[in-house]
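Novice: Next up, query-v7.csv (CSV, C-alpha atoms).
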chain,number,residue,atom,x,y,z
A,1,MET,CA,-3.6,14.2,-13.0
A,2,GLY,CA,-6.8,13.3,-14.7
A,3,PRO,CA,-9.0,10.3,-14.3
A,4,VAL,CA,-7.4,8.7,-17.4
A,5,ILE,CA,-4.1,7.9,-15.5
A,6,ARG,CA,-5.5,6.9,-12.1
A,7,ARG,CA,-6.7,3.4,-13.0
A,8,PRO,CA,-3.6,2.3,-14.8
A,9,VAL,CA,-1.4,3.6,-12.0
A,10,ALA,CA,-3.5,1.7,-9.4
A,11,VAL,CA,-3.3,-1.5,-11.6
A,12,VAL,CA,0.5,-1.1,-12.0
A,13,THR,CA,0.8,-0.6,-8.2
A,14,ALA,CA,-1.2,-3.8,-7.6
A,15,ILE,CA,0.9,-5.8,-10.1
A,16,VAL,CA,4.2,-4.6,-8.6
A,17,LEU,CA,3.0,-5.4,-5.1
A,18,PHE,CA,1.9,-8.9,-6.2
A,19,VAL,CA,5.2,-9.6,-7.8
A,20,GLU,CA,7.1,-8.1,-4.9
A,21,GLY,CA,5.1,-10.1,-2.4
A,22,LEU,CA,5.8,-13.4,-4.2
A,23,GLY,CA,9.4,-12.4,-4.7
A,24,ILE,CA,9.9,-11.7,-1.0
A,25,ALA,CA,8.2,-14.9,0.1
A,26,GLY,CA,10.3,-16.9,-2.4
A,27,LEU,CA,13.5,-15.3,-1.4
A,28,GLN,CA,12.9,-15.9,2.3
A,29,TRP,CA,11.8,-19.5,1.6
A,30,PHE,CA,15.1,-20.0,-0.3
A,31,LEU,CA,17.2,-18.5,2.5
A,32,GLY,CA,15.4,-20.7,5.1
A,33,THR,CA,16.1,-23.8,3.0
A,34,VAL,CA,19.8,-22.8,2.8
A,35,VAL,CA,20.0,-22.3,6.5
A,36,ASP,CA,18.3,-25.7,7.0
A,37,ARG,CA,20.5,-27.7,4.6
A,38,GLN,CA,23.8,-26.2,5.9
A,39,LYS,CA,22.8,-26.5,9.6
A,40,MET,CA,23.9,-23.0,10.1
A,41,SER,CA,23.7,-21.5,13.6
A,42,LEU,CA,24.0,-18.0,14.9
A,43,ALA,CA,25.2,-17.6,18.5
A,44,GLY,CA,24.0,-21.0,19.4
A,45,LEU,CA,20.4,-20.7,18.0
A,46,ASP,CA,18.7,-23.8,16.8
A,47,PRO,CA,19.1,-24.1,13.0
A,48,ASP,CA,15.7,-25.6,12.6
A,49,ALA,CA,14.1,-22.7,14.5
A,50,MET,CA,16.0,-20.2,12.4
A,51,SER,CA,14.9,-22.0,9.2
A,52,VAL,CA,11.2,-22.2,10.2
A,53,SER,CA,11.1,-18.6,11.4
A,54,THR,CA,12.8,-17.3,8.2
A,55,LYS,CA,10.2,-19.2,6.1
A,56,ALA,CA,7.3,-18.0,8.2
A,57,GLY,CA,8.5,-14.4,8.2
A,58,GLY,CA,8.8,-14.5,4.4
A,59,VAL,CA,5.3,-15.9,4.0
A,60,VAL,CA,3.8,-13.3,6.3
A,61,PHE,CA,5.7,-10.4,4.7
A,62,GLY,CA,4.8,-11.7,1.2
A,63,ALA,CA,1.2,-12.0,2.2
A,64,TYR,CA,1.2,-8.4,3.5
A,65,PHE,CA,2.5,-7.2,0.1
A,66,VAL,CA,0.0,-9.3,-1.8
A,67,PHE,CA,-2.9,-8.0,0.5
A,68,CYS,CA,-1.8,-4.4,-0.2
A,69,GLY,CA,-1.8,-5.3,-3.9
A,70,VAL,CA,-5.4,-6.5,-3.5
A,71,VAL,CA,-6.3,-3.2,-2.0
A,72,ALA,CA,-4.7,-1.3,-4.9
A,73,LEU,CA,-6.5,-3.6,-7.4
A,74,LEU,CA,-9.8,-2.9,-5.7
A,75,VAL,CA,-9.1,0.9,-5.9
A,76,ALA,CA,-8.6,0.5,-9.6
A,77,LEU,CA,-11.6,-1.7,-10.2
A,78,ARG,CA,-14.0,0.5,-8.1
A,79,ASN,CA,-12.4,3.7,-9.3
A,80,ARG,CA,-12.8,5.1,-5.8
A,81,PRO,CA,-10.1,5.9,-3.2
A,82,ALA,CA,-9.2,3.4,-0.5
A,83,ALA,CA,-10.9,4.0,2.8
A,84,GLY,CA,-10.4,2.8,6.3
A,85,LEU,CA,-8.1,-0.3,6.6
A,86,GLY,CA,-7.3,-0.2,2.9
A,87,LYS,CA,-6.0,3.4,3.1
A,88,ILE,CA,-4.0,2.5,6.2
A,89,LEU,CA,-2.5,-0.5,4.4
A,90,LEU,CA,-1.5,1.6,1.4
A,91,ILE,CA,0.1,4.2,3.6
A,92,SER,CA,1.9,1.6,5.6
A,93,VAL,CA,3.3,-0.1,2.5
A,94,ALA,CA,4.6,3.3,1.3
A,95,VAL,CA,6.4,3.8,4.6
A,96,VAL,CA,7.8,0.3,4.4
A,97,HIS,CA,9.2,1.0,0.9
A,98,GLY,CA,10.8,4.2,2.2
A,99,LEU,CA,12.5,2.3,5.0
A,100,LEU,CA,13.5,-0.6,2.7
A,101,GLY,CA,14.9,2.0,0.3
A,102,ALA,CA,17.0,3.5,3.0
A,103,LEU,CA,18.3,0.0,4.0
A,104,THR,CA,18.9,-1.3,0.5
A,105,VAL,CA,21.1,1.6,-0.6
A,106,GLY,CA,23.8,0.5,1.9
A,107,LEU,CA,23.2,-3.3,1.7
A,108,VAL,CA,22.4,-3.9,-2.0
A,109,GLY,CA,23.2,-0.7,-3.9
A,110,TRP,CA,21.7,2.2,-5.8
A,111,GLY,CA,19.7,0.0,-8.2
A,112,ALA,CA,17.7,-1.5,-5.4
A,113,PHE,CA,17.2,1.9,-3.9
A,114,ALA,CA,15.9,3.3,-7.2
A,115,PHE,CA,13.4,0.4,-7.5
A,116,MET,CA,12.1,1.0,-3.9
A,117,MET,CA,11.7,4.7,-4.7
A,118,VAL,CA,9.8,3.9,-7.9
A,119,VAL,CA,7.4,1.6,-6.0
A,120,LEU,CA,7.1,4.2,-3.2
A,121,GLY,CA,6.2,6.8,-5.9
A,122,ILE,CA,3.5,4.7,-7.6
A,123,VAL,CA,1.9,3.8,-4.2
A,124,LEU,CA,1.9,7.5,-3.3
A,125,LEU,CA,0.6,8.4,-6.8
A,126,THR,CA,-2.3,5.9,-6.3
A,127,LEU,CA,-3.1,7.4,-2.9
A,128,MET,CA,-2.9,11.1,-4.0
A,129,THR,CA,-4.7,11.0,-7.3
A,130,TYR,CA,-7.8,9.3,-5.8
A,131,ASP,CA,-7.5,11.5,-2.6
A,132,ARG,CA,-7.6,14.7,-4.7
A,133,GLU,CA,-10.8,13.6,-6.4
A,134,ALA,CA,-12.4,12.7,-3.1
A,135,ARG,CA,-11.7,16.2,-1.7
A,136,GLY,CA,-12.8,17.9,-4.9
A,137,SER,CA,-16.2,16.2,-5.1
A,138,GLY,CA,-17.6,17.9,-1.9
A,139,GLY,CA,-16.8,15.1,0.4
A,140,GLY,CA,-14.4,17.2,2.4
A,141,ALA,CA,-14.1,17.6,6.2
A,142,ASP,CA,-17.0,20.1,6.3
A,143,ALA,CA,-19.6,17.7,5.0
A,144,VAL,CA,-20.7,15.4,7.8
A,145,PRO,CA,-23.6,13.1,6.9
A,146,GLY,CA,-26.5,13.4,9.3
A,147,GLU,CA,-25.7,17.0,10.4
A,148,ASN,CA,-27.6,20.1,9.2
A,149,GLY,CA,-30.8,18.3,8.4
A,150,GLY,CA,-29.2,15.1,7.2
A,151,SER,CA,-28.0,16.6,3.9
A,152,GLY,CA,-24.3,16.5,4.6
A,153,ALA,CA,-24.1,20.1,3.4
A,154,GLY,CA,-22.0,22.6,5.4
A,155,PRO,CA,-23.5,25.8,6.9
A,156,SER,CA,-22.8,27.9,3.8
A,157,GLU,CA,-24.5,25.3,1.5
A,158,GLN,CA,-27.8,25.1,3.3
A,159,ALA,CA,-30.9,26.3,1.6
A,160,ALA,CA,-32.0,29.8,2.8
A,161,PRO,CA,-35.4,30.0,4.5
A,162,PRO,CA,-38.2,31.3,2.3
A,163,ALA,CA,-38.5,35.0,2.2
A,164,PRO,CA,-41.6,36.5,3.8
A,165,SER,CA,-44.2,37.4,1.2
A,166,VAL,CA,-45.2,41.0,1.0
A,167,SER,CA,-48.8,41.6,0.0
Turn the structure described in the file into structure tokens.
Specialist:
Amino acid sequence: MGPVIRRPVAVVTAIVLFVEGLGIAGLQWFLGTVVDRQKMSLAGLDPDAMSVSTKAGGVVFGAYFVFCGVVALLVALRNRPAAGLGKILLISVAVVHGLLGALTVGLVGWGAFAFMMVVLGIVLLTLMTYDREARGSGGGADAVPGENGGSGAGPSEQAAPPAPSVS
């Protein structure tokens, strides 16, 4: 997959994660409001505590998705792969979508499963297209900055010593 498709895929990933984060937060807020207004209780738990924890969990989970969307947007804007915490966040959001897909197929249906798998696919596509470029540009595991004279070149890429002159 060429560089032409990488940025649009990362932008679409960011938009989907933003919408999903806002949707999750809104849905959880709505469910917390329903629990609060109906004074529902589960096994004697305090309805107010259930309402507040549902709303707080929705906000935290939504913020997680939005933050992962920010990472995907930064990948698109910088046109470089995510590194460090950003890469960990994108991998974790892919795992979350895999797990949510497995849960939604039984609870919601095949349409929700298909949506989760599409999101999983675009997150993985964002990770893999940029990762392939990073490996292909010589930034592989053999190149360690500071080693071999500070050039970052592996042993086979070092300049040969000058040949002795024969006079």
Novice: Write out as JSON, numbers by chain which residues come within 7 Å of Phe65 of chain A when counting only C-alpha atoms, dropping same-chain ones fewer than 5 positions away.
Specialist: {"A": [17, 18, 20, 21]}
Novice: Restricting the calculation to only C-alpha atoms, which member of A:Val52, A:Val16, A:Leu73, A:Val96 is positioned closest to Gly32 of chain A?
Specialist: A:Val52
Novice: With only C-alpha atoms counted, which protein, DNA or RNA residues have an atom no more than 12 Å from (10.2, -18.6, 9.5) in the file frame? Please answer as number ranges by chain.
Specialist: A: 25, 27-33, 35-36, 47-61
Novice: Could you list, as a list of chain:residue names, every residue within 12 Å of Val11 of chain A, counting all atoms listed in the file and ignoring same-chain residues fewer than 6 positions away?
Specialist: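 Everything that qualifies: A:Ile5, A:Leu17, A:Phe18, A:Cys68, A:Gly69, A:Val70, A:Val71, A:Ala72, A:Leu73, A:Leu74, A:Val75, A:Ala76, A:Leu77, A:Arg78, A:Asn79, A:Ile122, A:Val123, A:Leu125, A:Thr126.
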Novice: Residues within 12 Å of Val118 of chain A, please, as number ranges by chain. Count only C-alpha atoms; anything in the same chain fewer than 3 positions from it doesn't count.
Specialist: A: 9, 12-13, 16-17, 94, 97-98, 101, 111-115, 121-125
Novice: Those selected residues, please, written with C-alpha atoms and delivered as a PDB file, keeping the file's coordinate frame.
Specialist:
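Resulting contents of result02.pdb:
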ATOM      1  CA  VAL A   9      -1.400   3.600 -12.000  1.00  0.00           C
ATOM      2  CA  VAL A  12       0.500  -1.100 -12.000  1.00  0.00           C
ATOM      3  CA  THR A  13       0.800  -0.600  -8.200  1.00  0.00           C
ATOM      4  CA  VAL A  16       4.200  -4.600  -8.600  1.00  0.00           C
ATOM      5  CA  LEU A  17       3.000  -5.400  -5.100  1.00  0.00           C
ATOM      6  CA  ALA A  94       4.600   3.300   1.300  1.00  0.00           C
ATOM      7  CA  HIS A  97       9.200   1.000   0.900  1.00  0.00           C
ATOM      8  CA  GLY A  98      10.800   4.200   2.200  1.00  0.00           C
ATOM      9  CA  GLY A 101      14.900   2.000   0.300  1.00  0.00           C
ATOM     10  CA  GLY A 111      19.700   0.000  -8.200  1.00  0.00           C
ATOM     11  CA  ALA A 112      17.700  -1.500  -5.400  1.00  0.00           C
ATOM     12  CA  PHE A 113      17.200   1.900  -3.900  1.00  0.00           C
ATOM     13  CA  ALA A 114      15.900   3.300  -7.200  1.00  0.00           C
ATOM     14  CA  PHE A 115      13.400   0.400  -7.500  1.00  0.00           C
ATOM     15  CA  GLY A 121       6.200   6.800  -5.900  1.00  0.00           C
ATOM     16  CA  ILE A 122       3.500   4.700  -7.600  1.00  0.00           C
ATOM     17  CA  VAL A 123       1.900   3.800  -4.200  1.00  0.00           C
ATOM     18  CA  LEU A 124       1.900   7.500  -3.300  1.00  0.00           C
ATOM     19  CA  LEU A 125       0.600   8.400  -6.800  1.00  0.00           C
TER      20      LEU A 125
END
